[in-house]
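Dumped target-v5.cif below, it's mmCIF, C-alpha atoms and all ligand atoms:
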data_data
#
loop_
_atom_site.label_atom_id
_atom_site.label_comp_id
_atom_site.auth_asym_id
_atom_site.auth_seq_id
_atom_site.Cartn_x
_atom_site.Cartn_y
_atom_site.Cartn_z
CA MET X 1 -13.96 41.39 -76.98
CA GLN X 2 -17.72 41.36 -76.39
CA PHE X 3 -20.22 38.58 -77.13
CA SER X 4 -22.05 41.08 -79.36
CA GLU X 5 -19.03 41.28 -81.70
CA LEU X 6 -19.00 37.56 -82.47
CA GLY X 7 -21.94 37.38 -84.87
CA LEU X 8 -24.30 35.43 -82.59
CA ARG X 9 -28.08 35.78 -82.87
CA ALA X 10 -29.84 38.11 -80.47
CA ALA X 11 -31.42 35.25 -78.51
CA MET X 12 -27.93 34.01 -77.62
CA LEU X 13 -26.80 37.44 -76.47
CA ASP X 14 -29.88 37.66 -74.25
CA ALA X 15 -29.18 34.21 -72.84
CA VAL X 16 -25.54 34.89 -71.97
CA ALA X 17 -26.49 38.24 -70.46
CA GLU X 18 -29.06 36.47 -68.32
CA LEU X 19 -26.43 33.95 -67.24
CA GLY X 20 -24.18 36.81 -66.22
CA TYR X 21 -21.38 36.08 -68.68
CA LYS X 22 -19.55 39.38 -69.12
CA GLU X 23 -17.21 38.48 -71.94
CA PRO X 24 -16.28 35.43 -73.98
CA THR X 25 -13.52 33.17 -72.70
CA PRO X 26 -10.50 32.72 -75.02
CA ILE X 27 -11.76 29.43 -76.46
CA GLN X 28 -15.17 31.01 -77.10
CA GLU X 29 -13.64 34.05 -78.72
CA ARG X 30 -11.73 31.91 -81.19
CA ALA X 31 -14.04 28.95 -81.80
CA ILE X 32 -17.35 30.81 -82.17
CA PRO X 33 -16.45 32.76 -85.36
CA LEU X 34 -15.02 29.62 -87.00
CA LEU X 35 -18.10 27.55 -86.21
CA LEU X 36 -20.35 30.35 -87.47
CA GLU X 37 -18.38 30.29 -90.74
CA GLY X 38 -19.11 26.59 -91.09
CA ARG X 39 -15.60 25.33 -90.41
CA ASP X 40 -14.77 22.05 -88.67
CA VAL X 41 -13.05 22.91 -85.40
CA ILE X 42 -10.81 21.07 -82.96
CA GLY X 43 -10.93 22.91 -79.66
CA SER X 44 -8.65 22.15 -76.78
CA ALA X 45 -8.61 24.08 -73.55
CA GLN X 46 -8.56 23.15 -69.91
CA THR X 47 -11.60 21.94 -68.08
CA GLY X 48 -13.74 24.84 -66.92
CA THR X 49 -12.86 27.23 -69.73
CA GLY X 50 -16.34 27.35 -71.24
CA LYS X 51 -16.08 24.88 -74.09
CA THR X 52 -19.81 24.12 -73.98
CA ALA X 53 -20.82 27.67 -74.88
CA ALA X 54 -18.01 27.73 -77.45
CA PHE X 55 -19.96 25.21 -79.53
CA ALA X 56 -23.54 25.63 -78.28
CA LEU X 57 -23.87 29.35 -79.01
CA PRO X 58 -22.79 29.29 -82.68
CA ILE X 59 -24.75 26.12 -83.42
CA LEU X 60 -27.93 27.42 -81.81
CA THR X 61 -27.38 30.57 -83.88
CA ARG X 62 -27.10 28.61 -87.11
CA LEU X 63 -29.99 26.23 -86.42
CA GLY X 64 -32.48 29.03 -87.03
CA PRO X 65 -36.11 28.11 -86.24
CA HIS X 66 -37.41 24.76 -84.96
CA GLY X 67 -37.47 22.10 -87.65
CA PRO X 68 -37.40 18.36 -88.22
CA GLY X 69 -34.39 16.79 -86.68
CA PRO X 70 -32.26 16.17 -84.81
CA ARG X 71 -30.04 18.58 -86.70
CA CYS X 72 -27.37 18.86 -84.03
CA LEU X 73 -25.93 15.83 -82.25
CA VAL X 74 -23.65 16.21 -79.24
CA LEU X 75 -21.89 13.08 -77.97
CA GLU X 76 -20.68 12.97 -74.38
CA PRO X 77 -18.73 10.23 -72.60
CA THR X 78 -20.67 10.13 -69.33
CA ARG X 79 -24.21 10.59 -68.10
CA GLU X 80 -23.24 13.52 -65.92
CA LEU X 81 -21.62 15.36 -68.79
CA ALA X 82 -24.56 14.65 -71.05
CA PHE X 83 -26.92 15.89 -68.36
CA GLN X 84 -24.91 19.05 -67.78
CA THR X 85 -24.41 19.84 -71.44
CA HIS X 86 -28.14 19.41 -72.00
CA GLU X 87 -28.82 21.80 -69.12
CA SER X 88 -26.49 24.32 -70.72
CA PHE X 89 -28.25 23.98 -74.07
CA LEU X 90 -31.59 24.59 -72.37
CA LYS X 91 -30.24 27.78 -70.85
CA PHE X 92 -28.67 29.03 -74.06
CA ALA X 93 -31.78 28.16 -76.10
CA ARG X 94 -34.17 29.79 -73.65
CA PHE X 95 -35.15 32.64 -75.92
CA THR X 96 -35.54 30.47 -79.02
CA GLN X 97 -38.16 27.93 -80.11
CA LEU X 98 -35.49 25.25 -80.46
CA ARG X 99 -35.96 21.95 -78.63
CA CYS X 100 -33.16 20.07 -76.93
CA GLY X 101 -33.32 16.40 -76.04
CA LEU X 102 -31.24 14.20 -73.80
CA VAL X 103 -30.51 10.52 -74.09
CA TYR X 104 -28.35 8.55 -71.65
CA GLY X 105 -28.19 5.19 -69.95
CA GLY X 106 -29.19 4.15 -66.45
CA VAL X 107 -32.74 5.49 -66.73
CA GLY X 108 -35.87 4.25 -68.49
CA TYR X 109 -36.40 4.43 -72.24
CA GLY X 110 -39.98 5.68 -72.22
CA LYS X 111 -39.54 9.38 -71.74
CA GLN X 112 -36.55 9.51 -74.04
CA ARG X 113 -38.51 7.73 -76.77
CA GLU X 114 -41.34 10.18 -76.33
CA ASP X 115 -39.03 13.19 -76.53
CA LEU X 116 -37.45 11.82 -79.67
CA ALA X 117 -40.85 11.19 -81.22
CA ASN X 118 -41.92 14.75 -80.43
CA GLY X 119 -38.91 16.06 -82.31
CA VAL X 120 -35.74 17.71 -81.06
CA ASP X 121 -33.42 20.12 -82.83
CA VAL X 122 -30.46 19.34 -80.59
CA LEU X 123 -29.80 15.89 -79.18
CA VAL X 124 -27.25 15.40 -76.40
CA ALA X 125 -26.39 11.74 -75.92
CA THR X 126 -24.03 9.14 -74.55
CA PRO X 127 -23.02 6.67 -77.25
CA GLY X 128 -24.41 3.41 -75.81
CA ARG X 129 -27.96 4.57 -75.21
CA LEU X 130 -28.07 6.47 -78.47
CA LEU X 131 -27.18 3.26 -80.32
CA ASP X 132 -30.01 1.49 -78.48
CA HIS X 133 -32.49 4.10 -79.68
CA MET X 134 -31.08 3.95 -83.19
CA GLY X 135 -31.45 0.16 -83.15
CA GLU X 136 -35.10 0.55 -82.21
CA LYS X 137 -35.53 3.15 -84.95
CA ALA X 138 -36.59 5.68 -82.33
CA VAL X 139 -34.18 8.18 -83.85
CA LYS X 140 -32.54 8.73 -87.23
CA LEU X 141 -29.45 10.78 -87.76
CA ASN X 142 -29.90 11.59 -91.43
CA MET X 143 -30.81 15.21 -90.70
CA VAL X 144 -27.71 15.95 -88.62
CA LYS X 145 -25.91 19.06 -89.82
CA PHE X 146 -23.78 19.64 -86.73
CA LEU X 147 -21.90 16.93 -84.89
CA ILE X 148 -20.02 17.65 -81.66
CA LEU X 149 -17.64 15.15 -80.11
CA ASP X 150 -17.25 16.59 -76.64
CA GLU X 151 -14.64 15.47 -74.12
CA ALA X 152 -13.15 13.38 -76.89
CA ASP X 153 -10.12 12.30 -74.88
CA ARG X 154 -12.30 10.73 -72.23
CA MET X 155 -14.56 9.21 -74.84
CA LEU X 156 -11.56 7.30 -76.18
CA ASP X 157 -10.25 6.45 -72.71
CA MET X 158 -13.57 4.86 -71.96
CA GLY X 159 -13.41 2.69 -75.06
CA PHE X 160 -16.22 4.44 -76.93
CA LEU X 161 -14.35 4.75 -80.22
CA PRO X 162 -16.19 1.88 -81.98
CA ASP X 163 -19.56 3.20 -80.78
CA VAL X 164 -18.68 6.71 -81.85
CA LYS X 165 -17.70 5.44 -85.28
CA ARG X 166 -20.96 3.53 -85.70
CA ILE X 167 -22.90 6.65 -84.79
CA VAL X 168 -20.90 9.02 -86.97
CA GLU X 169 -21.38 6.69 -89.93
CA GLN X 170 -25.14 7.27 -89.69
CA THR X 171 -24.79 11.03 -90.04
CA PRO X 172 -24.55 12.79 -93.42
CA ARG X 173 -21.05 13.32 -94.79
CA ASP X 174 -21.61 16.99 -95.47
CA ARG X 175 -22.21 17.75 -91.80
CA GLN X 176 -20.06 20.21 -89.82
CA THR X 177 -18.01 18.50 -87.11
CA ALA X 178 -16.38 19.90 -84.01
CA LEU X 179 -14.28 18.06 -81.48
CA PHE X 180 -13.61 19.40 -78.00
CA SER X 181 -11.22 17.97 -75.50
CA ALA X 182 -9.07 19.04 -72.59
CA THR X 183 -6.13 17.23 -74.17
CA ILE X 184 -5.46 15.94 -77.69
CA PRO X 185 -3.59 12.65 -77.19
CA PRO X 186 -2.30 10.90 -80.34
CA ALA X 187 -5.18 8.39 -80.36
CA ILE X 188 -7.54 11.24 -81.15
CA GLU X 189 -5.65 12.08 -84.32
CA THR X 190 -7.11 9.01 -86.04
CA LEU X 191 -10.62 10.03 -85.10
CA ILE X 192 -9.91 13.52 -86.37
CA THR X 193 -8.60 12.33 -89.73
CA TRP X 194 -11.53 9.99 -90.09
CA ALA X 195 -14.40 12.18 -88.91
CA MET X 196 -13.36 15.71 -89.76
CA ASN X 197 -12.97 17.79 -92.86
CA ASN X 198 -9.98 20.15 -92.99
CA PRO X 199 -10.42 21.18 -89.36
CA GLU X 200 -9.05 24.35 -87.84
CA THR X 201 -7.38 23.82 -84.46
CA VAL X 202 -7.98 26.20 -81.59
CA ALA X 203 -5.70 25.34 -78.69
CA ILE X 204 -5.81 27.57 -75.68
CA GLY X 205 -3.03 27.64 -73.16
CA ALA X 206 -0.57 24.95 -72.31
CA ARG X 207 -2.71 21.86 -72.58
CA ARG X 208 -0.83 20.10 -69.89
CA SER X 209 -0.46 22.67 -67.18
CA PRO X 210 -3.05 22.69 -64.47
CA ALA X 211 -4.65 25.97 -63.44
CA GLU X 212 -1.87 28.28 -62.42
CA THR X 213 -3.53 29.66 -59.34
CA VAL X 214 -3.58 26.26 -57.70
CA LYS X 215 -1.06 25.46 -55.01
CA HIS X 216 0.03 21.85 -55.16
CA VAL X 217 1.25 19.86 -52.19
CA LEU X 218 2.13 16.23 -51.64
CA TYR X 219 1.64 14.77 -48.19
CA PRO X 220 3.78 11.65 -47.77
CA VAL X 221 2.08 9.23 -45.40
CA ALA X 222 2.10 5.57 -44.44
CA GLU X 223 -0.70 3.61 -46.11
CA ALA X 224 -2.40 2.79 -42.80
CA GLN X 225 -2.65 6.47 -41.84
CA LYS X 226 -4.24 7.84 -44.98
CA MET X 227 -7.72 8.22 -43.53
CA ASP X 228 -6.40 9.78 -40.33
CA LEU X 229 -4.34 12.24 -42.32
CA LEU X 230 -7.32 13.13 -44.50
CA LEU X 231 -9.38 13.89 -41.40
CA ALA X 232 -6.51 15.84 -39.85
CA LEU X 233 -6.10 17.90 -43.02
CA LEU X 234 -9.79 18.73 -43.01
CA GLU X 235 -9.34 19.90 -39.41
CA ALA X 236 -6.20 21.89 -40.13
CA ILE X 237 -7.06 23.82 -43.25
CA HIS X 238 -9.63 26.46 -43.84
CA TRP X 239 -11.90 25.20 -46.58
CA GLU X 240 -15.40 25.71 -47.89
CA SER X 241 -15.99 22.80 -50.18
CA VAL X 242 -13.77 19.89 -51.01
CA ILE X 243 -13.73 17.16 -53.59
CA VAL X 244 -11.89 14.05 -52.47
CA PHE X 245 -10.76 11.84 -55.33
CA CYS X 246 -10.37 8.11 -54.97
CA ARG X 247 -9.09 5.55 -57.39
CA THR X 248 -11.79 2.90 -56.93
CA LYS X 249 -15.52 2.87 -56.30
CA ARG X 250 -15.05 0.78 -53.18
CA GLY X 251 -12.38 3.12 -51.90
CA ALA X 252 -14.69 6.06 -52.53
CA ASP X 253 -17.49 4.39 -50.57
CA GLU X 254 -15.16 3.71 -47.66
CA VAL X 255 -13.88 7.25 -47.58
CA GLU X 256 -17.42 8.60 -47.67
CA GLN X 257 -18.40 6.35 -44.75
CA SER X 258 -15.39 7.43 -42.69
CA LEU X 259 -16.08 11.09 -43.37
CA LYS X 260 -19.67 10.66 -42.29
CA ARG X 261 -18.57 8.93 -39.10
CA ALA X 262 -16.35 11.95 -38.45
CA LYS X 263 -19.49 14.13 -38.80
CA HIS X 264 -18.68 15.62 -42.16
CA ARG X 265 -21.59 16.16 -44.52
CA ALA X 266 -20.30 13.97 -47.33
CA ALA X 267 -21.72 12.45 -50.49
CA VAL X 268 -20.20 10.08 -53.01
CA ILE X 269 -20.37 9.92 -56.77
CA HIS X 270 -19.22 6.98 -58.87
CA SER X 271 -20.51 4.80 -61.67
CA ASP X 272 -22.15 2.14 -59.47
CA ARG X 273 -24.49 4.72 -58.02
CA SER X 274 -27.82 5.12 -59.75
CA GLN X 275 -28.39 8.16 -61.92
CA LYS X 276 -30.75 9.53 -59.31
CA GLU X 277 -28.26 9.11 -56.47
CA ARG X 278 -25.56 10.81 -58.50
CA GLU X 279 -27.78 13.72 -59.42
CA GLN X 280 -28.79 14.13 -55.78
CA ALA X 281 -25.18 14.08 -54.63
CA LEU X 282 -24.17 16.62 -57.23
CA GLU X 283 -27.10 18.97 -56.62
CA GLY X 284 -26.64 18.71 -52.87
CA PHE X 285 -22.98 19.53 -53.20
CA LYS X 286 -23.66 22.50 -55.46
CA LYS X 287 -26.31 23.81 -53.08
CA GLY X 288 -24.04 23.34 -50.09
CA SER X 289 -25.99 20.66 -48.26
CA TYR X 290 -22.91 18.48 -48.66
CA GLU X 291 -19.51 19.98 -47.97
CA VAL X 292 -17.38 17.09 -49.14
CA LEU X 293 -17.91 15.23 -52.39
CA VAL X 294 -16.05 11.95 -52.76
CA ALA X 295 -15.58 10.99 -56.39
CA THR X 296 -13.86 8.64 -58.79
CA ASP X 297 -12.27 9.97 -61.97
CA VAL X 298 -14.77 8.58 -64.42
CA ALA X 299 -17.73 9.95 -62.51
CA SER X 300 -16.26 13.37 -62.00
CA ARG X 301 -14.60 14.15 -65.24
CA GLY X 302 -15.66 17.53 -66.59
CA LEU X 303 -18.38 18.03 -64.00
CA ASP X 304 -19.23 21.65 -63.77
CA ILE X 305 -18.64 22.36 -60.14
CA ALA X 306 -17.47 25.89 -59.59
CA ASP X 307 -15.79 27.34 -56.52
CA VAL X 308 -14.35 24.27 -54.96
CA SER X 309 -11.85 25.55 -52.46
CA HIS X 310 -9.82 22.33 -52.27
CA VAL X 311 -9.18 19.17 -54.14
CA ILE X 312 -7.75 16.32 -52.11
CA ASN X 313 -6.38 13.33 -53.94
CA TYR X 314 -6.91 10.55 -51.46
CA ASP X 315 -5.29 8.34 -54.05
CA VAL X 316 -2.73 9.44 -56.59
CA PRO X 317 -4.41 9.22 -60.01
CA GLN X 318 -3.46 6.27 -62.15
CA HIS X 319 -3.27 8.35 -65.31
CA PRO X 320 -1.33 11.59 -65.04
CA GLU X 321 -3.89 13.43 -67.22
CA ASP X 322 -6.44 12.75 -64.50
CA TYR X 323 -4.37 14.82 -62.11
CA VAL X 324 -4.88 17.82 -64.35
CA HIS X 325 -8.58 17.10 -64.73
CA ARG X 326 -9.04 16.69 -61.00
CA ILE X 327 -7.23 19.92 -60.30
CA GLY X 328 -9.42 21.57 -62.92
CA ARG X 329 -12.14 21.54 -60.26
CA THR X 330 -10.39 24.18 -58.25
CA GLY X 331 -8.86 27.52 -59.14
CA ARG X 332 -11.50 27.71 -61.84
CA ALA X 333 -12.60 31.30 -61.76
CA GLN X 334 -9.07 32.52 -61.22
CA ALA X 335 -9.58 32.07 -57.51
CA THR X 336 -6.77 30.30 -55.76
CA GLY X 337 -7.43 26.75 -54.86
CA ASP X 338 -5.34 24.15 -53.15
CA ALA X 339 -4.68 20.65 -54.34
CA PHE X 340 -3.42 18.15 -51.82
CA THR X 341 -2.30 14.66 -52.68
CA LEU X 342 -1.79 11.89 -50.16
CA TYR X 343 1.31 10.06 -51.17
CA THR X 344 2.31 6.58 -50.00
CA ALA X 345 5.44 4.64 -50.85
CA GLY X 346 3.53 2.55 -53.37
CA ASP X 347 2.59 5.71 -55.30
CA ALA X 348 6.13 6.79 -56.11
CA GLN X 349 5.93 5.85 -59.80
CA ALA X 350 2.54 7.46 -60.25
CA VAL X 351 3.73 10.66 -58.57
CA PHE X 352 6.77 10.87 -60.82
CA ALA X 353 4.50 10.36 -63.81
CA VAL X 354 2.31 13.26 -62.67
CA GLU X 355 5.30 15.51 -62.11
CA ARG X 356 6.67 14.71 -65.51
CA PHE X 357 3.30 15.31 -67.10
CA ILE X 358 2.82 18.74 -65.55
CA THR X 359 6.58 19.43 -65.88
CA GLN X 360 6.65 20.66 -62.34
CA LYS X 361 7.98 19.23 -59.12
CA ILE X 362 5.35 19.19 -56.40
CA GLU X 363 6.28 20.35 -52.93
CA ARG X 364 6.34 17.69 -50.17
CA LEU X 365 4.94 18.78 -46.81
CA LYS X 366 4.32 17.27 -43.42
CA LEU X 367 1.25 18.29 -41.48
CA GLU X 368 2.41 19.78 -38.23
CA GLY X 369 1.35 17.96 -35.08
CA PHE X 370 0.16 14.84 -36.91
CA PRO X 371 1.36 11.64 -35.19
CA TYR X 372 3.13 10.25 -38.23
CA ASN X 373 4.24 6.64 -38.51
CA TYR X 374 7.51 6.29 -40.31
CA THR X 375 7.50 5.85 -44.08
CA ALA X 376 10.52 5.56 -46.35
CA LEU X 377 9.21 8.59 -48.21
CA PHE X 378 10.47 10.78 -45.36
CA ASP X 379 13.99 9.86 -46.44
CA GLU X 380 13.31 11.06 -49.94
CA ASP X 381 15.69 14.02 -49.56
CA LYS X 382 18.54 11.58 -49.66
CA LEU X 383 17.26 10.50 -53.04
CA GLY X 384 17.49 14.06 -54.31
CA PRO X 385 19.59 13.68 -57.45
CA LEU X 386 18.07 10.34 -58.39
CA HIS X 387 14.64 11.79 -57.96
CA GLU X 388 15.45 14.73 -60.21
CA ARG X 389 16.63 12.36 -62.86
CA ARG X 390 13.50 10.29 -62.57
CA VAL X 391 11.20 13.25 -62.81
CA LYS X 392 12.73 14.35 -66.06
CA GLY X 393 12.76 10.80 -67.38
CA VAL X 394 15.35 9.48 -69.73
CA LYS X 395 14.04 9.26 -73.20
CA MET X 396 14.64 5.90 -74.79
CA GLY X 397 13.16 5.52 -78.27
CA GLY X 398 9.53 6.22 -77.48
CA GLY X 399 9.61 4.88 -73.93
CA TYR X 400 10.92 6.25 -70.68
CA TYR X 401 13.08 4.70 -68.05
CA ILE X 402 11.49 5.38 -64.73
CA GLY X 403 13.29 3.97 -61.77
CA GLY X 404 14.67 1.15 -63.88
CA SER X 405 11.49 -0.08 -65.56
CA ARG X 406 10.63 0.85 -69.08
CA ARG X 407 7.22 2.28 -69.72
CA LYS X 408 5.48 3.09 -72.91
CA ARG X 409 4.27 6.60 -73.22
P1 LIG X 501 -15.52 23.10 -70.06
O1 LIG X 501 -16.43 22.32 -70.98
O2 LIG X 501 -14.47 23.85 -70.81
O3 LIG X 501 -14.95 22.27 -68.95
P2 LIG X 501 -17.95 24.48 -69.27
O4 LIG X 501 -18.50 24.75 -70.61
O5 LIG X 501 -18.55 23.36 -68.50
O6 LIG X 501 -16.36 24.24 -69.36
O7 LIG X 501 -18.00 25.84 -68.44
C1 LIG X 501 -17.51 25.94 -67.13
C2 LIG X 501 -18.27 27.01 -66.36
O8 LIG X 501 -17.94 28.30 -66.88
C3 LIG X 501 -19.77 26.89 -66.44
O9 LIG X 501 -20.30 27.14 -65.16
C4 LIG X 501 -20.19 27.99 -67.39
O10 LIG X 501 -21.49 28.46 -67.11
C5 LIG X 501 -19.13 29.05 -67.11
N1 LIG X 501 -18.88 29.94 -68.27
C6 LIG X 501 -18.75 29.58 -69.57
N2 LIG X 501 -18.48 30.64 -70.34
C7 LIG X 501 -18.43 31.71 -69.53
C8 LIG X 501 -18.21 33.12 -69.75
N3 LIG X 501 -17.96 33.60 -70.96
N4 LIG X 501 -18.24 33.93 -68.67
C9 LIG X 501 -18.49 33.41 -67.43
N5 LIG X 501 -18.72 32.11 -67.15
C10 LIG X 501 -18.69 31.26 -68.18
MG MG X 502 -16.91 20.35 -71.28
#
Reformat the file's structure so that it appears as structure tokens.
Amino acid sequence: MQFSELGLRAAMLDAVAELGYKEPTPIQERAIPLLLEGRDVIGSAQTGTGKTAAFALPILTRLGPHGPGPRCLVLEPTRELAFQTHESFLKFARFTQLRCGLVYGGVGYGKQREDLANGVDVLVATPGRLLDHMGEKAVKLNMVKFLILDEADRMLDMGFLPDVKRIVEQTPRDRQTALFSATIPPAIETLITWAMNNPETVAIGARRSPAETVKHVLYPVAEAQKMDLLLALLEAIHWESVIVFCRTKRGADEVEQSLKRAKHRAAVIHSDRSQKEREQALEGFKKGSYEVLVATDVASRGLDIADVSHVINYDVPQHPEDYVHRIGRTGRAQATGDAFTLYTAGDAQAVFAVERFITQKIERLKLEGFPYNYTALFDEDKLGPLHERRVKGVKMGGGYYIGGSRRKR
């Protein structure tokens, strides 16, 4: 399949050619014709599969010439995603007269107000700041013909549902709505029923399985040796660029500091950093001036960072879906990537949850030559059968028994 067969306007074909896209990705191939037809679409596909172009290209095709607006509204859960999606729109709209605006928190209102007053065809926004502008009557949504709820799963995780509802209520009912997400958890179903009109679902691939080219390894380690093991791993493996994921902002700061002390060129990205600091970290990492990016889940979700050779989970993710999203950073362009997870005794439950979620047991390895302190995890072999049973989980009326405690799914 070629982009030219999809029914996109010439300016889009020129833009994708300029970007070096050879052919549409599966989600693009299936979602673009539906969106061009005017259908509501639910699109789910792993992170990094080109969902942005899947909605941007058909909408920019249908918007025609510049007009009063905004006529397309794209909601994003985080500033980074809003920033990146806006960048993508600018690239795709390059050969058109269409204007794209961006509205997010953490920066001043002035320029955003000005952009809105000058008129935009496409508005990419995070919910909170958009509501501020709406409250000040700096923007009206009564012209919106296309509404995109991007990264919807994360939007709900972050508690944006009430904000999203307030925004959607201000858009015309006869709009076209598309919802994109890496996963479609049950909570999204309500949003879908409420906001969408007879949507067509386009689901690509097993939603739960992480990129297949990625090799997963768990490194059991005593809590006190985590940092040493991280440094030893960075010594032992051949890598080009690494993202290190931490559970907390403070943890991320500490890891960044330790990496810097060990003479690694490291930067950190989390939600307590200013917008400017985050943009600098991200740009520097993309350009190669930083080789290690330390990140928390919220800050990193969906970030378009290609060609990461390794993901290291310094902390096991709290939510198993985050494991898949983190791993989505590597093995993106069908290249093989490696995903290492440091695993302490306290993480046992979280690791089982991840394994159950990806329906795959992850290999446990010891780093050769590392002066390990003892941890009970090294005796895990003895737990073999019990462990198997735990990984599968025993279904009990909507909950699971994991190691004796009942958890809601
Ligand atoms: P997602 O939203 O699914 O996580 P993105 O839309 O951010 O993915 O796209 C991920 C990367 O893939 C971006 O760098 C984008 O430029 C690139 N990309 C998208 N579509 C194609 C394509 N058809 N061919 C090559 N690269 C593509
Ligand atoms: Mg995306």
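Pairwise distance (CA of Phe83 (chain X), CA of Ala178 (chain X)) equals 19.3 Å.
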### Query
Could you pull the residues within 12 Å of region 238-243 of chain X, counting all atoms listed in the file, minus those fewer than 5 positions along the same chain, as a ChimeraX atom specification?
/X:230,232-233,252,255-256,259,264-269,281-282,284-297,300,303,305-314,326-330,336-341
Now that the selection is made, can you save its residues with C-alpha atoms as an mmCIF file, in the coordinates of the input?
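Saved file selection.cif follows:
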data_model
loop_
_atom_site.group_PDB
_atom_site.id
_atom_site.type_symbol
_atom_site.label_atom_id
_atom_site.label_comp_id
_atom_site.auth_asym_id
_atom_site.auth_seq_id
_atom_site.Cartn_x
_atom_site.Cartn_y
_atom_site.Cartn_z
ATOM 1 C CA LEU X 230 -7.320 13.130 -44.500
ATOM 2 C CA ALA X 232 -6.510 15.840 -39.850
ATOM 3 C CA LEU X 233 -6.100 17.900 -43.020
ATOM 4 C CA ALA X 252 -14.690 6.060 -52.530
ATOM 5 C CA VAL X 255 -13.880 7.250 -47.580
ATOM 6 C CA GLU X 256 -17.420 8.600 -47.670
ATOM 7 C CA LEU X 259 -16.080 11.090 -43.370
ATOM 8 C CA HIS X 264 -18.680 15.620 -42.160
ATOM 9 C CA ARG X 265 -21.590 16.160 -44.520
ATOM 10 C CA ALA X 266 -20.300 13.970 -47.330
ATOM 11 C CA ALA X 267 -21.720 12.450 -50.490
ATOM 12 C CA VAL X 268 -20.200 10.080 -53.010
ATOM 13 C CA ILE X 269 -20.370 9.920 -56.770
ATOM 14 C CA ALA X 281 -25.180 14.080 -54.630
ATOM 15 C CA LEU X 282 -24.170 16.620 -57.230
ATOM 16 C CA GLY X 284 -26.640 18.710 -52.870
ATOM 17 C CA PHE X 285 -22.980 19.530 -53.200
ATOM 18 C CA LYS X 286 -23.660 22.500 -55.460
ATOM 19 C CA LYS X 287 -26.310 23.810 -53.080
ATOM 20 C CA GLY X 288 -24.040 23.340 -50.090
ATOM 21 C CA SER X 289 -25.990 20.660 -48.260
ATOM 22 C CA TYR X 290 -22.910 18.480 -48.660
ATOM 23 C CA GLU X 291 -19.510 19.980 -47.970
ATOM 24 C CA VAL X 292 -17.380 17.090 -49.140
ATOM 25 C CA LEU X 293 -17.910 15.230 -52.390
ATOM 26 C CA VAL X 294 -16.050 11.950 -52.760
ATOM 27 C CA ALA X 295 -15.580 10.990 -56.390
ATOM 28 C CA THR X 296 -13.860 8.640 -58.790
ATOM 29 C CA ASP X 297 -12.270 9.970 -61.970
ATOM 30 C CA SER X 300 -16.260 13.370 -62.000
ATOM 31 C CA LEU X 303 -18.380 18.030 -64.000
ATOM 32 C CA ILE X 305 -18.640 22.360 -60.140
ATOM 33 C CA ALA X 306 -17.470 25.890 -59.590
ATOM 34 C CA ASP X 307 -15.790 27.340 -56.520
ATOM 35 C CA VAL X 308 -14.350 24.270 -54.960
ATOM 36 C CA SER X 309 -11.850 25.550 -52.460
ATOM 37 C CA HIS X 310 -9.820 22.330 -52.270
ATOM 38 C CA VAL X 311 -9.180 19.170 -54.140
ATOM 39 C CA ILE X 312 -7.750 16.320 -52.110
ATOM 40 C CA ASN X 313 -6.380 13.330 -53.940
ATOM 41 C CA TYR X 314 -6.910 10.550 -51.460
ATOM 42 C CA ARG X 326 -9.040 16.690 -61.000
ATOM 43 C CA ILE X 327 -7.230 19.920 -60.300
ATOM 44 C CA GLY X 328 -9.420 21.570 -62.920
ATOM 45 C CA ARG X 329 -12.140 21.540 -60.260
ATOM 46 C CA THR X 330 -10.390 24.180 -58.250
ATOM 47 C CA THR X 336 -6.770 30.300 -55.760
ATOM 48 C CA GLY X 337 -7.430 26.750 -54.860
ATOM 49 C CA ASP X 338 -5.340 24.150 -53.150
ATOM 50 C CA ALA X 339 -4.680 20.650 -54.340
ATOM 51 C CA PHE X 340 -3.420 18.150 -51.820
ATOM 52 C CA THR X 341 -2.300 14.660 -52.680
#
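We find CA of Ala54 (chain X) and atom O8 of ligand LIG 501 (chain X) to be spaced 10.6 Å apart.
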### Query
Of the residues X:Gly369, X:Gly101, X:Gly69, X:Gly110, which is the one nearest to Val124 (chain X), using only C-alpha atoms?
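With only C-alpha atoms as the atom set, the closest residue is X:Gly101.
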Please return the centre and edge lengths, in Å to one decimal, of a box with edges along x, y and z that contains all listed atoms of ligand LIG 501 (chain X), widened by 6 Å on every side, as AutoDock Vina command-line options.
--center_x -18.0 --center_y 28.1 --center_z -68.1 --size_x 19.0 --size_y 23.7 --size_z 17.8
### Query
Which one is closest to His270 (chain X): X:Glu29, X:Thr78, X:Pro317, X:Glu368? Count all atoms listed in the file.
X:Thr78
Report as a tab-separated table (two decimals) with C-alpha atoms, in the frame of the given file all protein, DNA and RNA residues lying within 7 Å of Leu98 (chain X), evaluated on only C-alpha atoms, omitting residues in the same chain fewer than 3 positions from it.
chain	number	residue	atom	x	y	z
X	65	PRO	CA	-36.11	28.11	-86.24
X	66	HIS	CA	-37.41	24.76	-84.96
X	93	ALA	CA	-31.78	28.16	-76.10
X	121	ASP	CA	-33.42	20.12	-82.83
### Task
Figure out the distance between CA of Ile358 (chain X) and atom O2 of ligand LIG 501 (chain X), please, to one decimal in Å.
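Computed distance, atom O2 of ligand LIG 501 (chain X) to CA of Ile358 (chain X), equals 18.8 Å.
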#### Entry: Residue with smallest distance to Thr85 (chain X) - pool X:Gln225, X:Gln46, X:Thr52, X:Thr126, counting all atoms listed in the file
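Nearest to Thr85 (chain X): X:Thr52.
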### Site check for ligand MG 502 (chain X): residues at most 12 Å away, only C-alpha atoms and all ligand atoms, as an NGL selection string
:X and (27 or 43-56 or 74-78 or 80-86 or 88 or 148-155 or 179-183 or 300-305 or 325 or 328)
